[in-house]
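Below: one structure, written as structure tokens.
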Amino acid sequence: MSAHVAPKSLYYTIFAALMVGTVLTVVVAFFDLGFLNNVVMLGIASVKALLVILFFMHVRWSTRLTWVVVASGFFFLMILFTFTMMDYLTRGWLVGTLR
């Protein structure tokens with residue numbers, strides 16, 4: 001099995017994209033988007049996680065079995081994000097009924 005060697009320019013490009021994502025997260029934190037603040041930040045975090053998984057962990061050039069394992073882990077992460085957002089977005093629905 002031969003290992004894939006990616007050019008340094010690819011790593012610099014991905015690093016720059018991750019830094020842009022970090023700056024974008026900080027900028028969005030200063031704006032009040034209501035309930036969309038967390039949605040936007042989780043979206044940015046998901047894209048950044050996907051970049052790290054694909055390029056820094058070399059999954060992009062791995063076998064199909066590795067793809068299945070990583071995709072199932074990422075799918076589970078999306079399930080956790082969904083449950084978190086369902087809880088967060090419905091917190092004000094039962095105000096005063098559980099006292």
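For the structure tokens, the naming scheme is as follows: chains receive sequential letters (A, B, ...) according to their order of presentation, residues are indexed from 1 within each chain, and ligands are indexed from 1 in presentation order.
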Nearby residues (only C-alpha atoms) at most 12 Å from Tyr11 in chain A, same-chain spacing under 2 positions excluded, as a VMD selection string: chain A and resid 5 to 9 13 to 18 51 to 52 54 to 58
Quick one: residues within 8 Å of Gly21 in chain A, only C-alpha atoms, excluding same-chain residues fewer than 3 positions away - as a PDB file with C-alpha atoms, in the first residue's frame?
```
ATOM      1  CA  ALA A  17      -9.704  28.111   4.853  1.00  0.00           C
ATOM      2  CA  LEU A  18      -9.747  27.019   8.506  1.00  0.00           C
ATOM      3  CA  LEU A  24     -16.017  34.164  10.283  1.00  0.00           C
ATOM      4  CA  THR A  25     -17.135  32.493  13.517  1.00  0.00           C
ATOM      5  CA  ILE A  44     -19.160  26.719  10.156  1.00  0.00           C
ATOM      6  CA  ALA A  45     -17.823  24.212  12.703  1.00  0.00           C
ATOM      7  CA  LYS A  48     -14.160  23.079   9.378  1.00  0.00           C
TER       8      LYS A  48
END
```
Contacts of range 27-40 of chain A at 9 Å or less, counting only C-alpha atoms, minus same-chain residues fewer than 5 places along, as a ChimeraX atom specification? /A:22,45,85,88-89
Kindly give the distance, in Å, that separates CA of Asp87 in chain A and CA of Val23 in chain A, rounded to a single decimal.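 So the answer is 27.1 Å.
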Go through A:Leu10, A:Gly92, A:Trp61, A:Ser46 one by one, measure the shortest atom-to-atom distance of each to Phe75 in chain A using only C-alpha atoms, and give the residue with the smallest value. A:Ser46
Excluding Phe74 in chain A and residues on its chain fewer than 5 positions from it, collect all residues at most 12 Å away from it, counting only C-alpha atoms, and give them as a PyMOL selection string. chain A and resi 46-47+49-54+67-69+79-81
